[in-house]
Every structure is written in C-alpha cells, then in structure tokens.
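> I'd like to ask you about the structure that follows.
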Amino acid sequence: VELSVHNFGNPIPAERQKRIFNFLNTSNGSSPRGLKSRGIGLSLVKAVAEAHGGALNLHSSESEGTTFTITLQKNYHEPGKLRVALRI
C-alpha cells in the first residue's frame, strides 16, 4: 500500500532532508508563518511504516514541490510481534 502527500510550498533544503526524520529534531521556526516543529510527528510516522515492513520517503525540490510517500506491506505484521524501533 502506498500513500503520498504533496504540496507546492517551500522546498525542504537538501541538508535538512537528511535529518528530518530524526526524533526530537526541531525546526527553528523559519517557515513563512513562523511555525516551529517539535520533532515528533515524522519520526513516529517513519516508525509505524517500518513496523509494517515499509518505509517513509521524501522528495523535495524547488521545481516539483515536496512529496512524502509512505509504503506499507499488506501482510507483514504478525500478531504479537513488536517491530518498532525509535531512534534518538
């Protein structure tokens, strides 16, 4: 199963893309509306995707906008098995 979310807003700089999924990695509030990140949401989405044998990917550029894609394996999880690892 694949789900993508796309927007044409400001792209995420290449140097930030490498750490955007890190737990508690916060933004500095430099968005147009001054919004600050707490660094929890994307790391949790990535952990859920990986727990289901999937992945969370990011593609962001000035010309194409930003797309987050989550891929989940349909029959990956067995009841009673825990497959979540949160990296700090």
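Within each chain, counting starts at residue 1; across the structure tokens, chains are named A, B, ... in the order shown, with ligands numbered 1 upward in that order.
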Fewer than 2 positions away in the same chain doesn't count, so skip those; otherwise give me all residues within 9 Å of Ser63 of chain A, counting only C-alpha atoms, as a PyMOL selection string.
chain A and resi 8+11+60-61+65
> Print the selection's residues with N, CA and C atoms to a file, as a compact mmCIF listing (two decimals), in the first residue's frame.

# COMPACT_ATOMS: atom_id res chain seq x y z
N PHE A 8 3.13 22.23 -2.88
CA PHE A 8 4.00 23.08 -3.70
C PHE A 8 4.62 24.21 -2.90
N PRO A 11 10.45 24.31 -0.64
CA PRO A 11 11.09 23.00 -0.55
C PRO A 11 11.88 22.86 0.75
N SER A 60 11.93 16.44 -2.31
CA SER A 60 11.62 17.86 -2.23
C SER A 60 12.56 18.64 -3.13
N SER A 61 11.98 19.48 -4.00
CA SER A 61 12.79 20.35 -4.87
C SER A 61 12.00 21.61 -5.19
N GLY A 65 8.14 20.72 -5.82
CA GLY A 65 7.47 20.76 -4.52
C GLY A 65 7.98 19.65 -3.63
> Give me the residues near Lys46 of chain A as number ranges by chain, where near means some atom within 12 Å (using only C-alpha atoms) and where sequence neighbours in that chain fewer than 6 positions away do not count.
A: 20-23, 40, 52-58, 68-72, 84-87
> Restricting the output to N, CA and C atoms, write the selected residues as a compact mmCIF listing (two decimals), in the first residue's frame.

# COMPACT_ATOMS: atom_id res chain seq x y z
N ILE A 20 15.53 15.09 8.83
CA ILE A 20 14.15 15.50 9.11
C ILE A 20 13.34 14.42 9.85
N PHE A 21 13.74 13.15 9.71
CA PHE A 21 13.01 12.07 10.37
C PHE A 21 13.57 11.71 11.74
N ASN A 22 14.61 12.40 12.18
CA ASN A 22 15.22 12.13 13.49
C ASN A 22 14.28 12.56 14.61
N PHE A 23 14.16 11.72 15.63
CA PHE A 23 13.32 12.00 16.78
C PHE A 23 13.81 13.24 17.51
N ILE A 40 8.55 15.29 16.47
CA ILE A 40 7.96 14.02 16.89
C ILE A 40 7.19 13.35 15.74
N HIS A 52 5.58 -1.95 9.87
CA HIS A 52 4.76 -2.69 8.92
C HIS A 52 5.56 -3.11 7.69
N GLY A 53 6.87 -3.16 7.84
CA GLY A 53 7.73 -3.60 6.75
C GLY A 53 7.86 -2.60 5.63
N GLY A 54 7.52 -1.35 5.90
CA GLY A 54 7.54 -0.33 4.86
C GLY A 54 8.58 0.73 5.09
N ALA A 55 8.33 1.89 4.50
CA ALA A 55 9.29 2.98 4.57
C ALA A 55 8.56 4.31 4.41
N LEU A 56 9.22 5.37 4.82
CA LEU A 56 8.75 6.73 4.60
C LEU A 56 9.83 7.45 3.82
N ASN A 57 9.47 7.98 2.67
CA ASN A 57 10.44 8.66 1.80
C ASN A 57 10.03 10.11 1.56
N LEU A 58 11.03 10.90 1.24
CA LEU A 58 10.84 12.33 1.00
C LEU A 58 11.50 12.70 -0.31
N PHE A 68 5.90 13.44 0.46
CA PHE A 68 6.20 12.39 1.43
C PHE A 68 5.42 11.16 0.97
N THR A 69 6.10 10.02 0.89
CA THR A 69 5.45 8.78 0.47
C THR A 69 5.69 7.72 1.53
N ILE A 70 4.58 7.13 2.01
CA ILE A 70 4.66 6.04 2.97
C ILE A 70 4.25 4.76 2.24
N THR A 71 5.06 3.73 2.42
CA THR A 71 4.79 2.43 1.82
C THR A 71 4.63 1.42 2.95
N LEU A 72 3.55 0.66 2.91
CA LEU A 72 3.28 -0.36 3.93
C LEU A 72 3.12 -1.71 3.26
N VAL A 84 8.89 -2.14 16.30
CA VAL A 84 9.09 -0.69 16.31
C VAL A 84 10.42 -0.37 16.97
N ALA A 85 11.18 0.49 16.34
CA ALA A 85 12.43 0.98 16.91
C ALA A 85 12.47 2.48 16.72
N LEU A 86 12.48 3.22 17.80
CA LEU A 86 12.52 4.69 17.74
C LEU A 86 13.95 5.12 18.00
N ARG A 87 14.57 5.73 17.00
CA ARG A 87 15.97 6.14 17.11
C ARG A 87 16.07 7.56 17.66
> Check the smallest atom-to-atom distance from each of A:Val45, A:Asn75, A:His59, A:Thr67 to His6 of chain A using only C-alpha atoms, then report the winner.
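Looking at the shortest contact to His6 of chain A, the residue is A:Thr67.
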